[in-house]
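Notes follow the structure.
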Amino acid sequence: MEGDKGTVCLTGGTGFVGSWLIKRLLQEGYSVRTTVRADPENKRDLTFLTSLPGVAEKLKIFSADLNDPNSFDAAIEGSKAVLHVATPLSFDGKESLEAVTERSTSGALGILKACLRSKTVKRVVYTSSAATVIYNGQETDMMDESFWTDVDFVMQKLNPKTHPYLISKTFTERAVLEFGTQHGLDVVTVNPGLVVGPFICPRFPDSVRSSLALVLGNRSEYGILLNIPMVHVDDVGSTIVLPTP
Ligand SMILES: NC(=O)c1ccc[n+]([C@@H]2O[C@H](COP(=O)([O-])OP(=O)(O)OC[C@H]3O[C@@H](n4cnc5c(N)ncnc54)[C@H](OP(=O)(O)O)[C@@H]3O)[C@@H](O)[C@H]2O)c1
């Protein structure tokens, strides 16, 4: 521990990336307020979070859901930065594009409004995805902030099961950056490829499973290995720069 560096709110603490970032933040001396979805029957085992070293004074867990964009206020209050990580990494095609996009954008904008109300949040980091950049329809491997995934290209060329995730992430990233500009809030986005590496969450993360497709013999996922860049979960963490006290 390097001492108290202030409080950071992280949404989606139960997920692969979120739980790993919590572990790192605690190690680096931050206090963390994280959100999980409501569990009225108390069936969920959160010991993978609550047994982390130094957790007693440093980690507070709140209930919030992207379906209720106003539910994040309590978790955000008093934080100096917010890492918005919550989003299901879902490609099962069970929900419509419209429903997924509405929840993702409204939830993210609700979080940004709570950041403004808090008067303490100096930076918001939205965990976006390489998916908002790489399907731009252009023949290039070199891309920067000016590249955006082309929704028409996604609709015409890619598997319909991927549409809700790819398009909702693209619209949400655009919306959070626009909100930041309009309201003078420091909003930055990170765009990881397939996130791989160790994990502490109890569920075998989909992206880690995909990265092991050759080992596991999951032929249907071989294409992912050829087409999507990979990044180690610790490198995602290192990309995130938090405001100094
Ligand atoms: N893993 C990758 O390869 C990858 C690549 C690029 C970008 N990303 C981005 O990184 C972030 C985390 O990904 P991940 O791999 O860690 O996914 P994950 O393991 O599926 O975690 C998703 C998190 O979001 C929460 N969540 C889902 N629906 C929610 C809702 N309606 N309200 C509030 N929270 C909700 C989940 O809570 P429950 O536990 O309750 O479901 C979980 O904590 C996502 O934004 C994803 O787009 C991931």
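Residue numbering restarts at 1 in every chain; chains get A, B, ... in the order shown in the structure tokens, and ligands count up from 1 in that same order.
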With only C-alpha atoms and all ligand atoms counted, collect every polymer residue having an atom within 9 Å of ligand 1; state the result as number ranges by chain. A: 11-20, 35-39, 63-69, 84-90, 103-104, 107, 126-131, 165-166, 169, 190-196, 201, 203-208, 210, 230-231, 233
Per-residue nearest contacts of stretch 13-102 of chain A to stretch 235-244 of chain A (10 Å; only C-alpha atoms) as a tab-separated table:
```
residue	atom	partner	partner_atom	distance
A:Val17	CA	A:Val236	CA	8.5
A:Gly18	CA	A:Gly237	CA	9.8
A:Trp20	CA	A:Gly237	CA	8.5
A:Leu21	CA	A:Gly237	CA	6.3
A:Ile22	CA	A:Gly237	CA	9.8
A:Arg24	CA	A:Gly237	CA	7.8
A:Leu25	CA	A:Gly237	CA	9.0
A:Lys80	CA	A:Pro243	CA	7.6
A:Ala81	CA	A:Leu242	CA	6.8
A:Val82	CA	A:Leu242	CA	9.1
A:Leu83	CA	A:Ile240	CA	8.9
```
Just N, CA and C atoms for this one: save the residues we selected as an mmCIF file, in the first residue's frame.
```
data_model
loop_
_atom_site.group_PDB
_atom_site.id
_atom_site.type_symbol
_atom_site.label_atom_id
_atom_site.label_comp_id
_atom_site.auth_asym_id
_atom_site.auth_seq_id
_atom_site.Cartn_x
_atom_site.Cartn_y
_atom_site.Cartn_z
ATOM 1 N N VAL A 17 -12.873 -7.460 -15.716
ATOM 2 C CA VAL A 17 -11.995 -6.282 -15.712
ATOM 3 C C VAL A 17 -12.197 -5.481 -14.430
ATOM 4 N N GLY A 18 -13.464 -5.274 -14.040
ATOM 5 C CA GLY A 18 -13.771 -4.454 -12.872
ATOM 6 C C GLY A 18 -13.128 -4.989 -11.602
ATOM 7 N N TRP A 20 -10.595 -6.987 -11.274
ATOM 8 C CA TRP A 20 -9.135 -6.913 -11.332
ATOM 9 C C TRP A 20 -8.656 -5.489 -11.084
ATOM 10 N N LEU A 21 -9.395 -4.507 -11.622
ATOM 11 C CA LEU A 21 -9.017 -3.102 -11.395
ATOM 12 C C LEU A 21 -9.186 -2.724 -9.923
ATOM 13 N N ILE A 22 -10.211 -3.260 -9.273
ATOM 14 C CA ILE A 22 -10.398 -2.984 -7.833
ATOM 15 C C ILE A 22 -9.174 -3.482 -7.062
ATOM 16 N N ARG A 24 -6.183 -3.868 -8.094
ATOM 17 C CA ARG A 24 -5.031 -2.984 -8.356
ATOM 18 C C ARG A 24 -5.172 -1.651 -7.632
ATOM 19 N N LEU A 25 -6.378 -1.073 -7.666
ATOM 20 C CA LEU A 25 -6.578 0.224 -7.015
ATOM 21 C C LEU A 25 -6.290 0.129 -5.518
ATOM 22 N N LYS A 80 -13.159 11.014 -6.387
ATOM 23 C CA LYS A 80 -12.451 11.983 -7.236
ATOM 24 C C LYS A 80 -12.390 11.517 -8.688
ATOM 25 N N ALA A 81 -12.634 10.236 -8.900
ATOM 26 C CA ALA A 81 -12.664 9.713 -10.274
ATOM 27 C C ALA A 81 -13.674 8.575 -10.344
ATOM 28 N N VAL A 82 -14.232 8.401 -11.524
ATOM 29 C CA VAL A 82 -15.167 7.291 -11.747
ATOM 30 C C VAL A 82 -14.676 6.474 -12.927
ATOM 31 N N LEU A 83 -14.542 5.173 -12.701
ATOM 32 C CA LEU A 83 -14.229 4.258 -13.802
ATOM 33 C C LEU A 83 -15.518 3.524 -14.146
#
```
Extract, using only C-alpha atoms, all DNA, RNA and protein residues at most 8 Å from A:Phe48, discarding same-chain residues fewer than 4 positions from it, and format them as JSON, numbers by chain. {"A": [52, 200, 201, 202]}
Output file for the selection above: C-alpha atoms, as an mmCIF file, in the first residue's frame:
```cif
data_model
loop_
_atom_site.group_PDB
_atom_site.id
_atom_site.type_symbol
_atom_site.label_atom_id
_atom_site.label_comp_id
_atom_site.auth_asym_id
_atom_site.auth_seq_id
_atom_site.Cartn_x
_atom_site.Cartn_y
_atom_site.Cartn_z
ATOM 1 C CA LEU A 52 -8.977 -8.771 -0.863
ATOM 2 C CA ILE A 200 -10.352 -13.064 -9.508
ATOM 3 C CA CYS A 201 -14.050 -13.108 -10.455
ATOM 4 C CA PRO A 202 -15.691 -16.511 -10.008
#
```
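Distances from A:Pro164, A:Gly184, A:Gly137, A:Pro40 to A:Val124 were compared using only C-alpha atoms, and the smallest one belongs to A:Gly184.
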Stretch 39-145 of chain A: which residues are alpha helix (DSSP H) by DSSP, as number ranges by chain? A: 47-50, 55-58, 73-76, 97-118
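When only C-alpha atoms are used to compute distances to A:Asp150, the closest of the residues A:Thr189, A:Ser51, A:Asn136, A:Ser220 turns out to be A:Asn136.
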Determine, counting only C-alpha atoms, which protein, DNA and RNA residues have an atom within 9 Å of an atom of A:Gly78; residues of the same chain fewer than 5 positions away are not included. Present the result as a ChimeraX atom specification. /A:7-9,118-121
Please return, as a list in words, all residues of stretch 105-224 of chain A that DSSP assigns to strand (DSSP E or B) on the basis of the backbone.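 Secondary structure check on stretch 105-224 of chain A, strand (DSSP E or B): Arg123, Val124, Val125, Tyr126, Thr127, Val187, Val188, Thr189, Val190, Leu194, Val195 and Val196 of chain A.
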Can you measure atom CA of A:Thr162 to atom CA of A:Phe72 for me? One decimal in Å is fine. 27.5 Å
Please determine, counting only C-alpha atoms, which residue among A:Leu46, A:Ile134, A:Leu177, A:Val32 has the shortest atom-to-atom distance to A:Asn227.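 Comparing A:Leu46, A:Ile134, A:Leu177, A:Val32 against A:Asn227, the winner is A:Ile134.
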